[in-house]
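Data block for final_31.tsv (TSV, C-alpha atoms):
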chain	number	residue	atom	x	y	z
A	1	MET	CA	20.29	-134.10	36.52
A	2	SER	CA	16.97	-132.86	37.79
A	3	THR	CA	18.38	-129.38	38.08
A	4	THR	CA	19.66	-129.48	34.54
A	5	SER	CA	16.38	-130.74	33.15
A	6	SER	CA	14.45	-128.06	35.02
A	7	THR	CA	16.70	-125.25	33.84
A	8	ASN	CA	17.16	-126.39	30.25
A	9	PRO	CA	13.79	-126.16	28.39
A	10	ASP	CA	15.16	-127.77	25.19
A	11	THR	CA	15.62	-131.22	26.76
A	12	ARG	CA	12.37	-131.26	28.68
A	13	PRO	CA	9.49	-133.09	26.96
A	14	PRO	CA	6.44	-130.93	26.40
A	15	THR	CA	4.06	-133.52	27.90
A	16	THR	CA	5.79	-133.62	31.30
A	17	GLU	CA	6.43	-129.92	31.60
A	18	ALA	CA	5.42	-128.54	35.00
A	19	PRO	CA	3.05	-125.56	35.07
A	20	PRO	CA	4.94	-122.28	35.11
A	21	LYS	CA	5.26	-120.36	38.36
A	22	PRO	CA	3.91	-116.88	38.71
A	23	ALA	CA	6.52	-114.53	37.36
A	24	GLY	CA	7.35	-111.00	38.25
A	25	PRO	CA	6.92	-107.97	36.08
A	26	ALA	CA	10.29	-108.41	34.38
A	27	GLU	CA	9.69	-112.07	33.62
A	28	ALA	CA	6.15	-111.33	32.41
A	29	GLY	CA	7.44	-108.80	29.91
A	30	HIS	CA	10.12	-111.23	28.79
A	31	ARG	CA	7.56	-114.07	28.35
A	32	SER	CA	5.12	-111.89	26.41
A	33	ALA	CA	7.85	-111.22	23.86
A	34	ARG	CA	8.43	-114.94	23.38
A	35	LEU	CA	4.79	-115.93	22.83
A	36	ILE	CA	2.80	-115.96	19.57
A	37	HIS	CA	-0.96	-115.37	19.78
A	38	ASN	CA	-3.04	-116.90	17.04
A	39	GLU	CA	-6.67	-116.20	16.15
A	40	ALA	CA	-7.91	-118.59	18.86
A	41	THR	CA	-5.76	-116.75	21.49
A	42	THR	CA	-3.75	-119.90	22.20
A	43	GLU	CA	-0.25	-119.21	23.52
A	44	ILE	CA	2.51	-121.12	21.74
A	45	PRO	CA	6.05	-121.07	23.20
A	46	VAL	CA	8.57	-119.85	20.69
A	47	HIS	CA	11.17	-122.45	21.60
A	48	LEU	CA	8.83	-125.24	20.48
A	49	LEU	CA	8.76	-123.82	16.98
A	50	PHE	CA	12.53	-123.99	16.54
A	51	ARG	CA	13.16	-127.29	18.30
A	52	ASP	CA	15.34	-129.79	16.47
A	53	ASP	CA	13.20	-132.86	15.93
A	54	PRO	CA	15.23	-135.81	14.56
A	55	ASP	CA	12.22	-137.65	13.12
A	56	PRO	CA	9.43	-135.25	12.12
A	57	VAL	CA	6.11	-136.93	11.77
A	58	PRO	CA	4.29	-135.89	8.58
A	59	VAL	CA	0.77	-134.70	9.22
A	60	PRO	CA	-1.69	-135.24	6.35
A	61	LEU	CA	-3.43	-131.98	5.50
A	62	ARG	CA	-6.66	-131.64	3.69
A	63	PRO	CA	-6.99	-129.15	0.90
A	64	ALA	CA	-7.81	-125.60	1.83
A	65	ALA	CA	-11.19	-123.98	1.52
A	66	VAL	CA	-12.87	-125.23	-1.61
A	67	GLY	CA	-16.15	-123.35	-1.67
A	68	ARG	CA	-16.28	-119.65	-2.21
A	69	PRO	CA	-19.54	-117.92	-1.40
A	70	GLN	CA	-21.10	-116.03	-4.26
A	71	GLY	CA	-22.26	-112.45	-3.97
A	72	THR	CA	-19.79	-111.48	-1.20
A	73	GLY	CA	-17.70	-109.11	-3.30
A	74	GLU	CA	-14.88	-111.59	-3.92
A	75	ARG	CA	-13.32	-111.89	-7.31
A	76	PRO	CA	-14.73	-114.88	-9.19
A	77	ARG	CA	-12.35	-117.67	-9.95
A	78	ALA	CA	-10.97	-117.78	-13.45
A	79	ARG	CA	-12.69	-120.31	-15.62
A	80	ARG	CA	-11.36	-122.13	-18.56
A	81	PRO	CA	-12.22	-120.44	-21.81
A	82	VAL	CA	-14.90	-122.27	-23.73
A	83	THR	CA	-14.04	-122.83	-27.35
A	84	ALA	CA	-16.82	-121.62	-29.59
A	85	ARG	CA	-18.08	-124.13	-32.07
A	86	THR	CA	-17.66	-123.17	-35.68
A	87	VAL	CA	-20.92	-122.87	-37.56
A	88	PRO	CA	-20.88	-125.15	-40.62
A	89	ALA	CA	-21.17	-123.32	-43.90
A	90	VAL	CA	-24.33	-123.71	-45.93
A	91	ARG	CA	-23.82	-126.18	-48.76
A	92	ILE	CA	-25.95	-126.71	-51.85
A	93	ASP	CA	-25.76	-129.51	-54.37
A	94	PRO	CA	-22.65	-128.65	-56.46
A	95	GLU	CA	-24.37	-129.89	-59.61
A	96	LEU	CA	-27.20	-127.43	-59.06
A	97	THR	CA	-25.73	-124.50	-60.97
A	98	GLU	CA	-27.41	-122.26	-63.49
A	99	ARG	CA	-26.84	-123.16	-67.12
A	100	ALA	CA	-28.44	-122.05	-70.36
A	101	ALA	CA	-31.32	-124.14	-71.66
A	102	ARG	CA	-31.74	-125.14	-75.29
A	103	VAL	CA	-34.53	-123.22	-77.01
A	104	LEU	CA	-35.46	-122.47	-80.59
A	105	PRO	CA	-36.45	-119.20	-82.20
A	106	GLY	CA	-40.14	-118.40	-82.18
A	107	ALA	CA	-40.29	-118.64	-86.00
A	108	ALA	CA	-39.66	-122.39	-85.82
A	109	GLY	CA	-42.63	-122.88	-83.49
A	110	VAL	CA	-44.89	-120.75	-85.69
A	111	ALA	CA	-43.86	-122.71	-88.79
A	112	ALA	CA	-44.52	-126.02	-87.05
A	113	GLY	CA	-47.91	-124.85	-85.87
A	114	VAL	CA	-48.90	-123.63	-89.35
A	115	CYS	CA	-47.79	-126.92	-90.88
A	116	GLY	CA	-49.86	-128.84	-88.38
A	117	ALA	CA	-52.96	-126.76	-89.10
A	118	ALA	CA	-52.47	-127.15	-92.84
A	119	GLY	CA	-52.04	-130.88	-92.42
A	120	CYS	CA	-55.34	-131.12	-90.55
A	121	ALA	CA	-57.09	-129.15	-93.33
A	122	VAL	CA	-55.66	-131.33	-96.08
A	123	THR	CA	-56.63	-134.48	-94.19
A	124	SER	CA	-60.16	-133.21	-93.81
A	125	TRP	CA	-60.37	-132.53	-97.60
A	126	TRP	CA	-58.92	-135.96	-98.25
A	127	ALA	CA	-61.57	-137.57	-96.10
A	128	GLY	CA	-64.31	-135.49	-97.76
A	129	LEU	CA	-65.24	-133.61	-94.61
A	130	VAL	CA	-64.85	-130.11	-96.10
A	131	PRO	CA	-68.22	-128.52	-96.95
A	132	PRO	CA	-68.73	-127.62	-100.66
A	133	LEU	CA	-69.07	-123.92	-99.85
A	134	ALA	CA	-65.78	-123.91	-97.91
A	135	ALA	CA	-64.06	-125.83	-100.70
A	136	GLU	CA	-65.22	-123.30	-103.26
A	137	ALA	CA	-64.10	-120.42	-101.04
A	138	LEU	CA	-60.69	-121.96	-100.56
A	139	GLY	CA	-60.39	-122.87	-104.22
A	140	LEU	CA	-60.06	-126.57	-103.56
A	141	PRO	CA	-60.89	-128.99	-106.36
A	142	ALA	CA	-64.07	-130.98	-106.03
A	143	TYR	CA	-63.40	-134.32	-104.38
A	144	ALA	CA	-65.89	-136.78	-103.02
A	145	GLY	CA	-63.45	-138.14	-100.40
A	146	VAL	CA	-62.74	-141.63	-99.21
A	147	GLY	CA	-64.12	-141.23	-95.67
A	148	LEU	CA	-62.40	-141.60	-92.31
A	149	GLY	CA	-60.13	-144.59	-92.30
A	150	PRO	CA	-57.00	-145.60	-90.41
A	151	ALA	CA	-54.82	-143.55	-92.72
A	152	GLN	CA	-56.91	-140.44	-92.21
A	153	TRP	CA	-56.87	-140.84	-88.43
A	154	ALA	CA	-53.09	-141.28	-88.46
A	155	ALA	CA	-52.73	-138.13	-90.58
A	156	TYR	CA	-54.96	-136.27	-88.13
A	157	ALA	CA	-52.81	-137.42	-85.18
A	158	VAL	CA	-49.53	-136.40	-86.79
A	159	ALA	CA	-50.79	-133.02	-87.97
A	160	GLY	CA	-52.51	-132.29	-84.66
A	161	ALA	CA	-49.41	-133.18	-82.62
A	162	LEU	CA	-47.26	-131.00	-84.84
A	163	GLY	CA	-49.65	-128.09	-84.45
A	164	LEU	CA	-49.90	-128.50	-80.69
A	165	PHE	CA	-46.14	-128.71	-80.24
A	166	GLY	CA	-45.59	-125.76	-82.52
A	167	PHE	CA	-48.08	-123.37	-80.98
A	168	GLY	CA	-47.93	-124.79	-77.44
A	169	GLY	CA	-44.18	-124.23	-77.12
A	170	LEU	CA	-44.25	-120.54	-77.98
A	171	ALA	CA	-43.11	-118.30	-75.13
A	172	ARG	CA	-42.24	-114.64	-74.72
A	173	GLY	CA	-39.13	-113.69	-72.80
A	174	ARG	CA	-39.05	-110.37	-70.96
A	175	THR	CA	-36.18	-108.25	-69.76
A	176	GLY	CA	-35.46	-108.92	-66.09
A	177	ARG	CA	-37.36	-112.23	-66.09
A	178	ALA	CA	-36.05	-115.75	-66.51
A	179	TRP	CA	-37.54	-119.20	-66.96
A	180	VAL	CA	-36.29	-122.16	-64.92
A	181	LEU	CA	-37.07	-125.36	-66.82
A	182	GLY	CA	-37.49	-128.80	-65.37
A	183	LEU	CA	-38.51	-132.21	-66.66
A	184	PHE	CA	-39.82	-134.86	-64.28
A	185	GLY	CA	-38.20	-133.11	-61.30
A	186	ARG	CA	-34.81	-132.64	-62.98
A	187	TYR	CA	-33.28	-129.26	-63.74
A	188	ARG	CA	-32.93	-128.73	-67.48
A	189	GLY	CA	-31.61	-125.17	-67.66
A	190	THR	CA	-32.53	-121.50	-67.44
A	191	VAL	CA	-33.78	-119.23	-70.21
A	192	ARG	CA	-32.76	-115.57	-69.99
A	193	ARG	CA	-33.49	-114.69	-73.62
A	194	THR	CA	-36.00	-112.02	-74.57
A	195	GLY	CA	-38.51	-111.97	-77.40
A	196	LEU	CA	-40.49	-114.79	-79.00
A	197	MET	CA	-38.97	-118.24	-78.64
A	198	TRP	CA	-39.99	-121.87	-78.68
A	199	VAL	CA	-39.60	-124.00	-75.55
A	200	ASN	CA	-40.41	-127.65	-75.27
A	201	PRO	CA	-44.03	-127.72	-73.98
A	202	LEU	CA	-43.31	-130.85	-71.93
A	203	LEU	CA	-40.93	-128.89	-69.67
A	204	LEU	CA	-42.19	-127.32	-66.44
A	205	ARG	CA	-41.57	-123.56	-66.41
A	206	ARG	CA	-40.96	-121.41	-63.35
A	207	ARG	CA	-40.74	-117.67	-63.77
A	208	VAL	CA	-38.05	-115.93	-61.70
A	209	ASP	CA	-37.54	-112.19	-61.30
A	210	VAL	CA	-33.82	-111.43	-61.77
A	211	ARG	CA	-34.07	-107.64	-61.59
A	212	LEU	CA	-32.49	-105.52	-58.88
A	213	ARG	CA	-35.02	-105.48	-56.06
A	214	HIS	CA	-35.36	-103.76	-52.71
A	215	TRP	CA	-37.27	-105.05	-49.73
A	216	ARG	CA	-38.38	-103.00	-46.74
A	217	SER	CA	-38.75	-105.32	-43.79
A	218	GLU	CA	-41.31	-105.18	-41.05
A	219	PRO	CA	-40.13	-104.16	-37.52
A	220	MET	CA	-37.78	-106.91	-36.35
A	221	PRO	CA	-36.37	-107.48	-32.85
A	222	ALA	CA	-32.89	-106.08	-32.26
A	223	ALA	CA	-30.71	-104.76	-29.42
A	224	ASP	CA	-28.21	-101.97	-28.85
A	225	GLY	CA	-24.74	-102.27	-27.35
A	226	ASN	CA	-26.15	-102.39	-23.80
A	227	GLY	CA	-28.70	-105.09	-24.59
A	228	VAL	CA	-31.75	-102.79	-24.62
A	229	ALA	CA	-34.57	-104.20	-26.75
A	230	LEU	CA	-35.20	-102.38	-30.04
A	231	ARG	CA	-37.36	-102.69	-33.13
A	232	ALA	CA	-35.50	-102.14	-36.41
A	233	VAL	CA	-36.80	-101.72	-39.95
A	234	THR	CA	-34.19	-102.50	-42.60
A	235	LEU	CA	-33.95	-101.82	-46.32
A	236	VAL	CA	-32.38	-104.69	-48.27
A	237	VAL	CA	-31.16	-104.28	-51.87
A	238	TRP	CA	-30.68	-107.63	-53.56
A	239	ARG	CA	-31.20	-109.72	-56.68
A	240	VAL	CA	-31.22	-113.33	-57.81
A	241	ARG	CA	-27.80	-114.25	-59.18
A	242	ASP	CA	-28.21	-118.02	-59.68
A	243	THR	CA	-31.77	-118.93	-60.64
A	244	ALA	CA	-31.23	-122.67	-60.20
A	245	LYS	CA	-30.08	-122.41	-56.58
A	246	ALA	CA	-32.64	-119.75	-55.67
A	247	THR	CA	-35.54	-121.74	-57.11
A	248	LEU	CA	-34.56	-125.34	-56.44
A	249	GLY	CA	-32.07	-124.98	-53.58
A	250	VAL	CA	-34.60	-123.57	-51.06
A	251	GLU	CA	-38.35	-123.67	-50.80
A	252	ASP	CA	-38.77	-119.88	-50.81
A	253	HIS	CA	-35.72	-117.69	-51.36
A	254	GLU	CA	-37.54	-114.53	-50.22
A	255	ALA	CA	-38.46	-116.12	-46.89
A	256	TYR	CA	-34.88	-117.36	-46.58
A	257	LEU	CA	-33.56	-113.83	-47.10
A	258	ARG	CA	-35.97	-112.52	-44.46
A	259	ALA	CA	-34.70	-115.12	-41.98
A	260	CYS	CA	-31.08	-114.18	-42.73
A	261	VAL	CA	-31.79	-110.51	-42.02
A	262	GLU	CA	-33.52	-111.36	-38.76
A	263	ALA	CA	-30.61	-113.58	-37.68
A	264	ALA	CA	-28.09	-110.85	-38.50
A	265	LEU	CA	-30.04	-108.28	-36.46
A	266	ALA	CA	-29.88	-110.65	-33.49
A	267	ARG	CA	-26.06	-110.73	-33.72
A	268	VAL	CA	-25.22	-107.10	-34.57
A	269	PRO	CA	-25.95	-104.29	-32.07
A	270	VAL	CA	-27.65	-101.27	-33.60
A	271	GLU	CA	-28.22	-97.80	-32.22
A	272	PRO	CA	-31.29	-95.56	-32.55
A	273	LEU	CA	-30.98	-93.26	-35.53
A	274	GLY	CA	-29.82	-89.75	-34.69
A	275	THR	CA	-27.51	-90.76	-31.84
A	276	VAL	CA	-24.18	-91.78	-33.37
A	277	ARG	CA	-23.87	-91.72	-37.15
A	278	SER	CA	-20.62	-93.68	-37.29
A	279	SER	CA	-22.13	-96.56	-35.32
A	280	ALA	CA	-25.09	-96.70	-37.74
A	281	ASP	CA	-22.69	-96.94	-40.69
A	282	VAL	CA	-20.69	-99.67	-38.99
A	283	ALA	CA	-23.86	-101.60	-38.15
A	284	GLY	CA	-25.04	-101.32	-41.77
A	285	GLU	CA	-21.74	-102.60	-43.13
A	286	THR	CA	-21.69	-105.49	-40.69
A	287	LEU	CA	-25.27	-106.44	-41.49
A	288	THR	CA	-24.53	-106.33	-45.21
A	289	ARG	CA	-21.51	-108.60	-44.83
A	290	LEU	CA	-23.33	-111.16	-42.68
A	291	VAL	CA	-26.48	-111.32	-44.81
A	292	ALA	CA	-24.47	-111.50	-48.05
A	293	ALA	CA	-22.43	-114.41	-46.68
A	294	ASP	CA	-25.55	-116.30	-45.57
A	295	ALA	CA	-27.49	-115.69	-48.79
A	296	ALA	CA	-24.69	-116.36	-51.29
A	297	PRO	CA	-24.94	-120.21	-51.15
A	298	VAL	CA	-28.57	-120.08	-52.31
A	299	GLY	CA	-27.86	-117.88	-55.33
A	300	LEU	CA	-28.83	-114.48	-53.86
A	301	GLU	CA	-26.63	-111.40	-54.20
A	302	VAL	CA	-27.10	-108.84	-51.42
A	303	PHE	CA	-25.76	-105.32	-52.02
A	304	SER	CA	-26.78	-103.48	-48.86
A	305	VAL	CA	-28.70	-103.95	-45.62
A	306	ARG	CA	-29.36	-100.59	-43.95
A	307	PRO	CA	-31.49	-99.82	-40.88
A	308	VAL	CA	-33.95	-97.10	-41.92
A	309	ARG	CA	-35.91	-96.88	-38.66
A	310	VAL	CA	-34.78	-97.97	-35.22
A	311	GLU	CA	-36.93	-97.42	-32.17
A	312	TYR	CA	-37.16	-98.83	-28.69
A	313	ALA	CA	-39.41	-101.76	-27.97
A	314	PRO	CA	-42.81	-100.86	-26.50
A	315	GLU	CA	-41.93	-102.32	-23.10
A	316	VAL	CA	-38.87	-100.06	-22.64
A	317	ALA	CA	-39.79	-97.06	-24.80
A	318	ALA	CA	-41.10	-94.87	-21.96
A	319	ALA	CA	-38.11	-95.56	-19.67
A	320	MET	CA	-35.56	-94.93	-22.42
A	321	HIS	CA	-37.34	-91.73	-23.45
A	322	ARG	CA	-37.03	-90.37	-19.92
A	323	ARG	CA	-33.40	-91.46	-19.84
A	324	ARG	CA	-32.58	-89.61	-23.05
A	325	ILE	CA	-34.31	-86.47	-21.81
A	326	ALA	CA	-32.33	-86.64	-18.57
A	327	ALA	CA	-29.08	-87.11	-20.50
A	328	LEU	CA	-29.85	-84.10	-22.72
A	329	ASP	CA	-30.73	-82.02	-19.66
A	330	ALA	CA	-27.48	-83.00	-17.94
A	331	ALA	CA	-25.45	-82.18	-21.04
A	332	GLN	CA	-27.12	-78.79	-21.39
A	333	ARG	CA	-26.60	-78.08	-17.71
A	334	ALA	CA	-22.91	-78.96	-17.98
A	335	SER	CA	-22.47	-76.67	-21.00
A	336	VAL	CA	-24.24	-73.80	-19.21
A	337	LEU	CA	-22.09	-74.27	-16.11
A	338	THR	CA	-18.92	-74.31	-18.19
A	339	SER	CA	-19.97	-71.12	-19.95
A	340	VAL	CA	-20.78	-69.39	-16.62
A	341	VAL	CA	-17.45	-70.39	-15.09
A	342	ASP	CA	-15.55	-69.14	-18.14
A	343	SER	CA	-17.44	-65.82	-18.02
A	344	VAL	CA	-16.75	-65.32	-14.30
A	345	GLU	CA	-13.08	-66.16	-14.74
A	346	ASP	CA	-12.74	-63.78	-17.66
A	347	THR	CA	-14.45	-60.93	-15.73
A	348	VAL	CA	-12.35	-61.32	-12.60
A	349	THR	CA	-9.15	-61.63	-14.61
A	350	ARG	CA	-9.84	-58.48	-16.56
A	351	LEU	CA	-10.69	-56.46	-13.44
A	352	THR	CA	-7.54	-57.50	-11.65
A	353	MET	CA	-5.14	-57.36	-14.62
A	354	ARG	CA	-6.17	-53.84	-15.58
A	355	GLY	CA	-5.82	-52.56	-12.02
A	356	LEU	CA	-9.40	-51.43	-11.71
A	357	VAL	CA	-9.84	-53.08	-8.33
A	358	GLU	CA	-7.57	-54.64	-5.74
A	359	LEU	CA	-9.09	-57.69	-4.14
A	360	ASP	CA	-7.96	-59.89	-1.33
A	361	ASP	CA	-8.97	-63.54	-1.05
A	362	TYR	CA	-12.23	-62.85	0.78
A	363	GLU	CA	-13.32	-60.10	-1.61
A	364	ARG	CA	-12.37	-62.28	-4.60
A	365	LYS	CA	-14.56	-65.14	-3.31
A	366	VAL	CA	-17.48	-62.80	-2.72
A	367	LEU	CA	-17.12	-61.31	-6.22
A	368	VAL	CA	-16.95	-64.75	-7.82
A	369	LYS	CA	-20.03	-65.86	-5.92
A	370	ASP	CA	-22.05	-62.77	-6.89
A	371	LEU	CA	-21.01	-62.98	-10.55
A	372	THR	CA	-21.88	-66.69	-10.71
A	373	VAL	CA	-25.33	-66.10	-9.26
A	374	ALA	CA	-25.92	-63.16	-11.61
A	375	PHE	CA	-24.83	-65.07	-14.73
A	376	CYS	CA	-26.82	-68.19	-13.82
A	377	ALA	CA	-29.95	-66.12	-13.13
A	378	GLY	CA	-29.54	-64.26	-16.42
A	379	ARG	CA	-29.13	-67.51	-18.42
A	380	GLY	CA	-32.13	-69.04	-16.67
A	381	GLU	CA	-34.36	-66.10	-17.61
A	382	THR	CA	-33.08	-66.20	-21.20
A	383	GLY	CA	-33.77	-69.92	-21.47
A	384	ALA	CA	-37.24	-69.49	-20.01

Any chance you could give the structure as structure tokens?
Amino acid sequence: MSTTSSTNPDTRPPTTEAPPKPAGPAEAGHRSARLIHNEATTEIPVHLLFRDDPDPVPVPLRPAAVGRPQGTGERPRARRPVTARTVPAVRIDPELTERAARVLPGAAGVAAGVCGAAGCAVTSWWAGLVPPLAAEALGLPAYAGVGLGPAQWAAYAVAGALGLFGFGGLARGRTGRAWVLGLFGRYRGTVRRTGLMWVNPLLLRRRVDVRLRHWRSEPMPAADGNGVALRAVTLVVWRVRDTAKATLGVEDHEAYLRACVEAALARVPVEPLGTVRSSADVAGETLTRLVAADAAPVGLEVFSVRPVRVEYAPEVAAAMHRRRIAALDAAQRASVLTSVVDSVEDTVTRLTMRGLVELDDYERKVLVKDLTVAFCAGRGETGA
């Protein structure tokens, strides 16, 4: 039994295994083929890996490496995409919509004012307050008058109120201007009529310019596609479409439009003028769409937002100027090199195809080198 257990390694327990005897060269080569060397250079017998264990004992394993050092060149782990929050649309009071106000022709106000003035004159004659010379000039009959009593004061009040309402409500409407009327803080309508008209003098009037207007902004902060700081001046063409929303919906619709343009410039990359024309057109269209969408709820109609001057910010202007000069120099150098190579190739091809010279590889290389130096020197002198 002892012999069997010593010769059969499968039945021998690993804890009672005797240390191996020194083996010869043949056995050493055989044992090296049956061993697995891990990173810690620990020798593991192969037969222990394939041993039939009737009751394997589960070994609890901890999770693998959890921390990954940053800045070591490893690919960052994929993160869950963050869902962008939708920006709520601007909402204005739905009842705040422009509607026409009720006004009367200017002739009605003039007639009321004349009637009021005539009533005051008649009351004065009735009370005997008209001087005799004025009565004779006006052709009024002689009348001593009854003096100022309650009836005369009431007649004065009625005639004076009629005259004040008649003449005080006269207004002149102009083309391209509108009146927004309000009474005790409530919107009462908009007047877009032109000419002489009569408006209730108790209503508060706010003049609004509804003509097509253009606004040239001051330099505003912007950025190009690479995030380089810029200063952009834009030209905005717009007009007031809904006078009620533009006047009562916001405190200052011109300041609101300026803020919308500045916010759009922060979201849309622009390029310096003169670099890529297509990108400037795309930026202008995008700016127009964004500003028009933001300004529409407050009654403003935006037709175009175009960058008219784009320049680098003062802190990066010098560096970007040097960069553009270097890019232009590199582009010119590449074009000159391409032209020189084409000229050398054309010269060598013509010489060889026409049989003027017979060149081997060494002579061809020397000729190409000499022609390249000659052409480059000639172009350098011409450019200088």

Inset, instruction - Using all atoms listed in the file, find the one residue out of A:Leu337, A:Leu212, A:Val348, A:Val373 that sits nearest to Val302 (chain A). - result: A:Leu212

Legend entry - Sel. within 12 Å of pt (-31.8, -97.8, -34.7), counting only C-alpha atoms, output as an MDAnalysis selection string: chainID A and resid 219:225 228:234 265 268:277 279:281 283:284 306:313

Inset, instruction - Please indicate the distance in Å from CA of Gly185 (chain A) to CA of Glu98 (chain A), rounded to one decimal place. - result: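 Calculated distance between CA of Gly185 (chain A) and CA of Glu98 (chain A) is 15.5 Å.
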
Inset, instruction - Please indicate the distance in Å from CA of Gly168 (chain A) to CA of Gly119 (chain A), rounded to one decimal place. - result: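 According to the coordinates, CA of Gly168 (chain A) and CA of Gly119 (chain A) are separated by 16.7 Å.
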
Legend entry - Minimum-distance residue to Val90 (chain A), chosen among A:Leu129, A:Ala295, A:Leu371, A:Val344 (using only C-alpha atoms):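 When distances to Val90 (chain A) are compared using only C-alpha atoms, the smallest one comes from A:Ala295.
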
Inset, instruction - Quick one: pull the distance between CA of Arg102 (chain A) and CA of Arg207 (chain A), Å, one decimal. - result: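 Answer for the CA of Arg102 (chain A) to CA of Arg207 (chain A) separation: 16.4 Å.
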
Legend entry - Minimum-distance residue to Gly160 (chain A), chosen among A:Gly116, A:Pro105, A:Gly173, A:Pro132 (using only C-alpha atoms):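 Checking each candidate against Gly160 (chain A), we get A:Gly116 as the closest.
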
Inset, instruction - For a cut-off of 9 Å around (-36.7, -115.3, -66.7), file coordinates, pick out all residues using only C-alpha atoms and list them as number ranges by chain. - result: A: 173-180, 190-194, 206-210, 243

Please enclose the listed atoms of region 152-170 of chain A in an axis-aligned box, pad each side by 6 Å, and write out the centre and the three edge lengths in Å, rounded to one decimal, as JSON.
{"center_x": -50.5, "center_y": -130.9, "center_z": -84.7, "size_x": 24.7, "size_y": 32.7, "size_z": 27.1}

Inset, instruction - Pick out the residues sitting within 12 Å of Ala151 (chain A), and hand them over as a ChimeraX atom specification; count only C-alpha atoms, and ignore anything fewer than 4 positions along from it in its own chain. - result: /A:123-124,126-127,146-147,155-158

Write the residues of the preceding selection, restricted to C-alpha atoms, as a compact mmCIF listing (two decimals), in the coordinates of the input.
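Saved as part-v6.txt:
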# COMPACT_ATOMS: atom_id res chain seq x y z
CA THR A 123 -56.63 -134.48 -94.19
CA SER A 124 -60.16 -133.21 -93.81
CA TRP A 126 -58.92 -135.96 -98.25
CA ALA A 127 -61.57 -137.57 -96.10
CA VAL A 146 -62.74 -141.63 -99.21
CA GLY A 147 -64.12 -141.23 -95.67
CA ALA A 155 -52.73 -138.13 -90.58
CA TYR A 156 -54.96 -136.27 -88.13
CA ALA A 157 -52.81 -137.42 -85.18
CA VAL A 158 -49.53 -136.40 -86.79
